[in-house]
Amino acid sequence: MQKILPFIAMSIKLLARGIAMLCITVSPIFANTSKAQIKGIDEVSVVLESQPKNLLQFFKAIEKNSEFKFFYTEEALKNAGNIQYLQSGSTVEQHLYKVAKQTNLRFKQVNNTISVIIKKDLSDQLITKELAFEKISGVVKDQSGEPMPGVSILVKGTASGTVTDIDGSYTLDVTPGQTLLFSFIGYEQQELTVGSATVLNVVMAQAENSLEEFVVVGYGQQRRANLTGAVDQVESEVFENRPISNIAQGLVGAIPNLNIRMLDGKPTQSPSFNVRGTTSIGQQGSALVLIDGVEGDPRMLNPNDIASVTVLKDAASASIYGARAAFGVVLITTKSATEGKISVTYSSNFSSKSPTTIPDNITESYPWAKGFSDAWSKWNDNGNTPTAVNKTLPFSPAYLAEIKRRWEDPSLPRVEVDPSTGEYQYYYSTDWYRELYKDSFFAQDHNIAVTGGDKKTSYYVSGRYNGQDGLFRYNTDDYAMYNLRAKGTIQVTPWLQVENNTDYSRMSYHQPLNVGEGSGIWRNMADEGHPLAPLLNPDGSLSFPAAYTVGDYYIGRNAVDQVQRFLKNRFAAKAELFDKKLTLNGNFTFQSNDNSYFQKRVQVPYSRYEGVTGYTGTNTNDLQDRRNTTQYYATNLYANYVNTFKDAHNLGLLVGFNYETSVYENLTARRNGIVFPDAEDINLALGQSIVTNGGHQKWAIAGSFFRVNYDYMGRYLLEINGRYDGSSKFPTDQQWAFFPSASVGWAVSEEQFWNVKPSILTSLKIRASYGSLGNGNISPYSFTENFSISQLGRIINGQRPQATSMPGVVPEGLTWETSTTGDIGLDFASVNNKLQFTADWYRRWTTDMFTVGPILPAIYGTTVPKGNYADLETTGWEATVTWNDNLIVADKPFNYSVRVAMSDYKSIYHQIQQSG
């Protein structure tokens with residue numbers, strides 16, 4: 001260690017010097033000397049908003065519109081009397097001269113101060129000026145005596161200042177009596193008044209809040225300095241001032257190895273959160289997402305309500321949540337009520353959006369037709385030529401020749417009617433994607449929040465509207481989201497606090513449908529979106545290809561209207577006992593998630609022959625109403641004990657109990673034979689095809705958990721977690737399991753032998769963790785023999801009888817999938833905490849994965865049973881580099897942060913077990 005430390009110190013010192021020199025190079029853009037800021041009264045013009053009637057009004061008008069301050073006595077005001085007309089827009093000196101001529105006063109400028117003096121002699125000069133500067137210098141150091149580069153120094157009340165150089169030195173032109181503000185991220189701001197001394201040296205003290213930075217973890221918070229697991233956290237700044245519809249969009253790329261795959265740009269996207277790569281090929285492998293401690297859908301959350309997002313990546317940090325946390329946990333914490341005066345905050349965001357990528361297809365008539373003909377002929381290779389373009393356009397060599405003639409002569413008509421058949425013949429060059437998409441569309445976001453309270457009660461109320469016009473040109477996919485949150489706390493007694501948090505959200509989305517072939521619009525456009533055909537015929541009817549593609553949207557009747565309503569209420573109580581060493585917590589959450597989907601599929605009219613109407617979608621022509629509801633209940637009871645012994649041994653104990661249950665119900669009804677195209681009630685569908693579907697799922701989990709934290713003087717860190725978990729999703733003899741984990745850390749920089757300068761290496765910590773978790777993210781009835789009941793298509797004795805199918809076989813000896821993770825981590829900070837680095841290497845073994853077994857002969861009689869047949873090994877690394885700094889810009893602090901995140905992983909199917 002003694003040999004390695006000098007090498008590390010030298011490397012980081014070179015890096016620190018490079019970054020500091022960059023700051024020094026940039027700082028002249030923002031920092032000006034005081035001498036350049038102080039102007040004479042003859043250089044500053046003042047526009048008077050109204051005519052001052054007396055001297056005091058005149059002084060206030062000048063002070064309001066300039067940097068000057070007046071110094072006067074009561075006697076001077078009494079001798080002045082009233083003043084007459086002053087010309088607006090004159091310089092301050094011209095104003096003062098006119099006032100001096102009207103009164104028995106004279107004026108003297110000393111920098112930004114104007115002294116008002118009673119004139120005693122007619123020969124006294126009416127206006128005098130003295131601009132005095134003194135050059136001061138000094139060195140800024142930290143408490144260990146190390147120079148601090150990059151410290152911002154501002155002359156209070158002005159826009160002038162500078163930044164210390166690589167050696168912590170500075171020089172500045174000031175005047176006696178001015179106050180200097182010294183600031184640096186992670187340190188207390190210092191104020192010094194300029195006196196007669198020309199050298200001002202400053203020692204910066206580290207801010208206590210920088211030493212006590214807390215991170216949200218399972219069932220509590222921990223000091224970042226004491227973390228031993230792989231934990232990452234981002235604050236609310238990630239979501240601020242960004243035109244995002246949900247938090248998943250805001251988290252993409254924000255946390256290393258939090259992998260969020262956005263399948264498309266729809267605002268309704270609610271992608272799964274993956275932590276550290278491939279998880280399980282058997283059951284679900286997504287991270288557990290908890291909002292204020294209970295499972296929730298982040299899509300329905302207002303991004304402006306979020307205080308922080310924490311990701312628990314390894315088994316050591318996640319094991320306290322048991323079986324559902326096998327592949328990581330995402331903890332979302334919402335903003336809390338705060339004490340203080342009533343504060344009302346409103347923000348809005350207006351944005352214009354456009355498609356990022358559109359297929360660059362051939363849309364010119366002849367090049368497309370020629371390419372189609374050649375490709376068809378070469379593929380079939382039988383000497384024939386195509387007779388049709390799929391099912392919507394006839395084709396022939398003569399037609400191709402005519403397409404070429406009209407393409408070369410744009411003056412010729414683009415549509416003709418065959419005189420013998422009455423069929424339309426097209427020669428267009430239609431860009432169907434231009435017909436489908438708008439060039440751009442409008443989105444808006446409005447947020448309002450009200451917070452306030454006192455020591456007894458506090459509250460936080462917020463509301464949001466997020467709307468989007470939609471991407472499609474016709475029958476567009478409109479979106480609207482409404483959020484309302486009310487959060488309040490009451491300090492019932494000095495030791496008892498209660499809190500209630502109510503959250504309501506409503507989302508509506510109009511998803512247009514394409515019923516031509518039952519596929520999506522993009523597949524249908526690939527099949528039938530031929531550029532030769534137009535959207536509309538000359539008589540205003542749809543062309544045959546259009547009816548299968550964009551024309552369906554143009555008619556604007558086929559769609560699914562989705563409405564999701566979300567209601568959540570969480571009541572919590574916290575008791576702090578024995579001088580806050582023991583904290584008892586309890587909370588109960590009720591959550592209701594209601595979804596409704598109303599689907600309409602009507603026939604789409606088109607004309608292939610002039611005056612003749614045909615229809616697509618004749619096999620559907622139906623209405624469907626689907627409703628599903630999920631009722632969720634969660635209870636948490638836990639106690640936390642913290643204490644310090646002999647000012648060296650810090651101990652934390654957490655024990656608790658958790659119970660959750662969820663019930664899902666679904667009802668779907670569909671009927672064909674719509675009476676008229678604009679029908680909105682299923683009673684107006686009178687066909688014979690009636691389909692009803694239900695659905696019911698119920699599960700419950702229960703678990704007791706504990707956590708032990710110990711550290712010796714912040715140097716040697718130990719954490720042990722465990723949870724005994726039970727799940728109704730598993731067989732009776734496999735419902736309960738115990739999941740332990742442990743992690744250790746060594747804060748090298750807290751050792752007595754550590755004498756590295758903080759400006760070079762502020763802190764250094766090494767971490768390691770190991771733990772095992774069972775995978776409880778499975779469907780509720782995966783381990784039962786499930787029969788399916790359906791109505792046969794055959795008619796027996798004049799009826800279609802009900803039939804029950806053979807269930808799949810469930811092998812004996814089924815057990816939990818197990819995820820075991822080992823992790824090694826390194827954290828260090830440099831340049832007085834401006835530069836922070838975190839890196840982890842990990843390996844995760846997923847064993848006994850529940851998946852399809854070996855292939856069996858068809859005579860087996862049912863599907864191949866699933867069992868614990870496969871193992872998976874994932875190895876990866878992740879690193880984060882963060883730079884935090886501040887500058888003084890226009891007399892205001894300018895804080896900025898740069899964060900670079902990198903990660904990589906590789907997964908290998910280690911073995912496939914054969915059945916015995």
# chains A, B, ... in the order shown; residues from 1 in each chain; ligands from 1

call {"tool": "residues_around", "arguments": {"residues": "Arg464 of chain A", "least_positions_apart": "2", "cutoff": "10 Å", "atoms": "only C-alpha atoms", "output": "list of chain:residue names"}}
result
A:Asn302, A:Pro303, A:Asn304, A:Asp305, A:Tyr346, A:Ser347, A:Ser348, A:Asp445, A:His446, A:Asn447, A:Ile448, A:Ala449, A:Ser462, A:Asn466, A:Gly467, A:Met481, A:Tyr482, A:Asn483, A:Leu484, A:Arg485, A:Ser505

call {"tool": "residues_around", "arguments": {"residues": "Ile490 of chain A", "least_positions_apart": "6", "cutoff": "10 Å", "atoms": "only C-alpha atoms", "output": "list in words"}}
result
Gly453, Asp454, Lys455, Lys456, Thr457, Ser458, Tyr459, Leu496, Gln497, Val498, Glu499, Asn500 and Ala573 of chain A

call {"tool": "write_last_selection", "arguments": {"atoms": "all heavy atoms", "output": "tab-separated table (two decimals), in the first residue's frame"}}
result
chain	number	residue	atom	x	y	z
A	453	GLY	N	-46.05	25.08	5.84
A	453	GLY	CA	-46.35	24.49	7.14
A	453	GLY	C	-45.50	25.07	8.24
A	453	GLY	O	-44.74	26.03	8.04
A	454	ASP	N	-45.65	24.49	9.42
A	454	ASP	CA	-44.88	24.91	10.58
A	454	ASP	C	-44.33	23.67	11.26
A	454	ASP	O	-44.29	22.59	10.67
A	454	ASP	CB	-45.75	25.74	11.53
A	454	ASP	CG	-47.05	25.04	11.89
A	454	ASP	OD1	-47.06	23.79	11.95
A	454	ASP	OD2	-48.07	25.73	12.11
A	455	LYS	N	-43.89	23.82	12.50
A	455	LYS	CA	-43.27	22.69	13.20
A	455	LYS	C	-44.27	21.60	13.53
A	455	LYS	O	-43.88	20.45	13.78
A	455	LYS	CB	-42.60	23.19	14.48
A	455	LYS	CG	-41.41	24.11	14.23
A	455	LYS	CD	-40.74	24.53	15.52
A	455	LYS	CE	-39.53	25.42	15.26
A	455	LYS	NZ	-38.86	25.84	16.50
A	456	LYS	N	-45.56	21.93	13.54
A	456	LYS	CA	-46.58	20.94	13.87
A	456	LYS	C	-47.14	20.24	12.63
A	456	LYS	O	-47.35	19.03	12.63
A	456	LYS	CB	-47.73	21.62	14.63
A	456	LYS	CG	-47.36	22.08	16.02
A	456	LYS	CD	-47.12	20.90	16.96
A	456	LYS	CE	-46.86	21.37	18.38
A	456	LYS	NZ	-46.60	20.23	19.31
A	457	THR	N	-47.41	21.00	11.60
A	457	THR	CA	-48.00	20.44	10.39
A	457	THR	C	-47.28	20.99	9.15
A	457	THR	O	-46.79	22.12	9.17
A	457	THR	CB	-49.49	20.78	10.28
A	457	THR	OG1	-49.64	22.21	10.26
A	457	THR	CG2	-50.27	20.20	11.45
A	458	SER	N	-47.23	20.18	8.12
A	458	SER	CA	-46.68	20.63	6.85
A	458	SER	C	-47.40	19.88	5.73
A	458	SER	O	-47.97	18.81	5.95
A	458	SER	CB	-45.17	20.39	6.78
A	458	SER	OG	-44.87	19.02	6.99
A	459	TYR	N	-47.37	20.46	4.55
A	459	TYR	CA	-48.11	19.88	3.44
A	459	TYR	C	-47.39	20.13	2.12
A	459	TYR	O	-46.60	21.05	1.96
A	459	TYR	CB	-49.53	20.47	3.38
A	459	TYR	CG	-49.55	21.97	3.28
A	459	TYR	CD1	-49.50	22.62	2.04
A	459	TYR	CD2	-49.61	22.76	4.43
A	459	TYR	CE1	-49.50	23.99	1.95
A	459	TYR	CE2	-49.61	24.14	4.34
A	459	TYR	CZ	-49.56	24.74	3.10
A	459	TYR	OH	-49.55	26.12	3.02
A	496	LEU	N	-43.99	11.48	18.13
A	496	LEU	CA	-44.86	10.77	17.20
A	496	LEU	C	-45.25	11.67	16.03
A	496	LEU	O	-45.74	12.78	16.22
A	496	LEU	CB	-46.13	10.28	17.91
A	496	LEU	CG	-47.16	9.56	17.03
A	496	LEU	CD1	-46.56	8.29	16.44
A	496	LEU	CD2	-48.43	9.25	17.83
A	497	GLN	N	-45.04	11.14	14.82
A	497	GLN	CA	-45.39	11.86	13.60
A	497	GLN	C	-46.22	10.94	12.70
A	497	GLN	O	-45.93	9.76	12.55
A	497	GLN	CB	-44.13	12.30	12.85
A	497	GLN	CG	-44.40	13.08	11.57
A	497	GLN	CD	-43.14	13.34	10.78
A	497	GLN	OE1	-42.66	12.48	10.04
A	497	GLN	NE2	-42.58	14.53	10.94
A	498	VAL	N	-47.29	11.49	12.13
A	498	VAL	CA	-48.11	10.73	11.19
A	498	VAL	C	-48.07	11.44	9.83
A	498	VAL	O	-47.93	12.67	9.76
A	498	VAL	CB	-49.56	10.57	11.67
A	498	VAL	CG1	-49.61	9.74	12.94
A	498	VAL	CG2	-50.22	11.91	11.87
A	499	GLU	N	-48.22	10.64	8.77
A	499	GLU	CA	-48.14	11.18	7.41
A	499	GLU	C	-49.18	10.49	6.55
A	499	GLU	O	-49.44	9.29	6.70
A	499	GLU	CB	-46.75	10.97	6.83
A	499	GLU	CG	-46.61	11.44	5.38
A	499	GLU	CD	-45.27	11.08	4.76
A	499	GLU	OE1	-45.16	9.95	4.23
A	499	GLU	OE2	-44.35	11.90	4.82
A	500	ASN	N	-49.77	11.25	5.64
A	500	ASN	CA	-50.68	10.66	4.65
A	500	ASN	C	-50.27	11.17	3.27
A	500	ASN	O	-49.98	12.35	3.08
A	500	ASN	CB	-52.13	11.03	4.93
A	500	ASN	CG	-53.08	10.11	4.19
A	500	ASN	OD1	-53.32	8.98	4.59
A	500	ASN	ND2	-53.65	10.61	3.08
A	573	ALA	N	-46.92	6.12	10.12
A	573	ALA	CA	-46.66	6.68	11.45
A	573	ALA	C	-45.23	6.36	11.85
A	573	ALA	O	-44.70	5.27	11.53
A	573	ALA	CB	-47.64	6.11	12.47

call {"tool": "residues_around", "arguments": {"residues": "Val663 of chain A", "least_positions_apart": "4", "cutoff": "6 Å", "atoms": "only C-alpha atoms", "output": "VMD selection string"}}
result
chain A and resid 630 to 631 697 to 698

call {"tool": "residues_around", "arguments": {"residues": "Tyr424 of chain A", "least_positions_apart": "6", "cutoff": "10 Å", "atoms": "only C-alpha atoms", "output": "PyMOL selection string"}}
result
chain A and resi 393+415-418+533+537-538+543-544+607-610
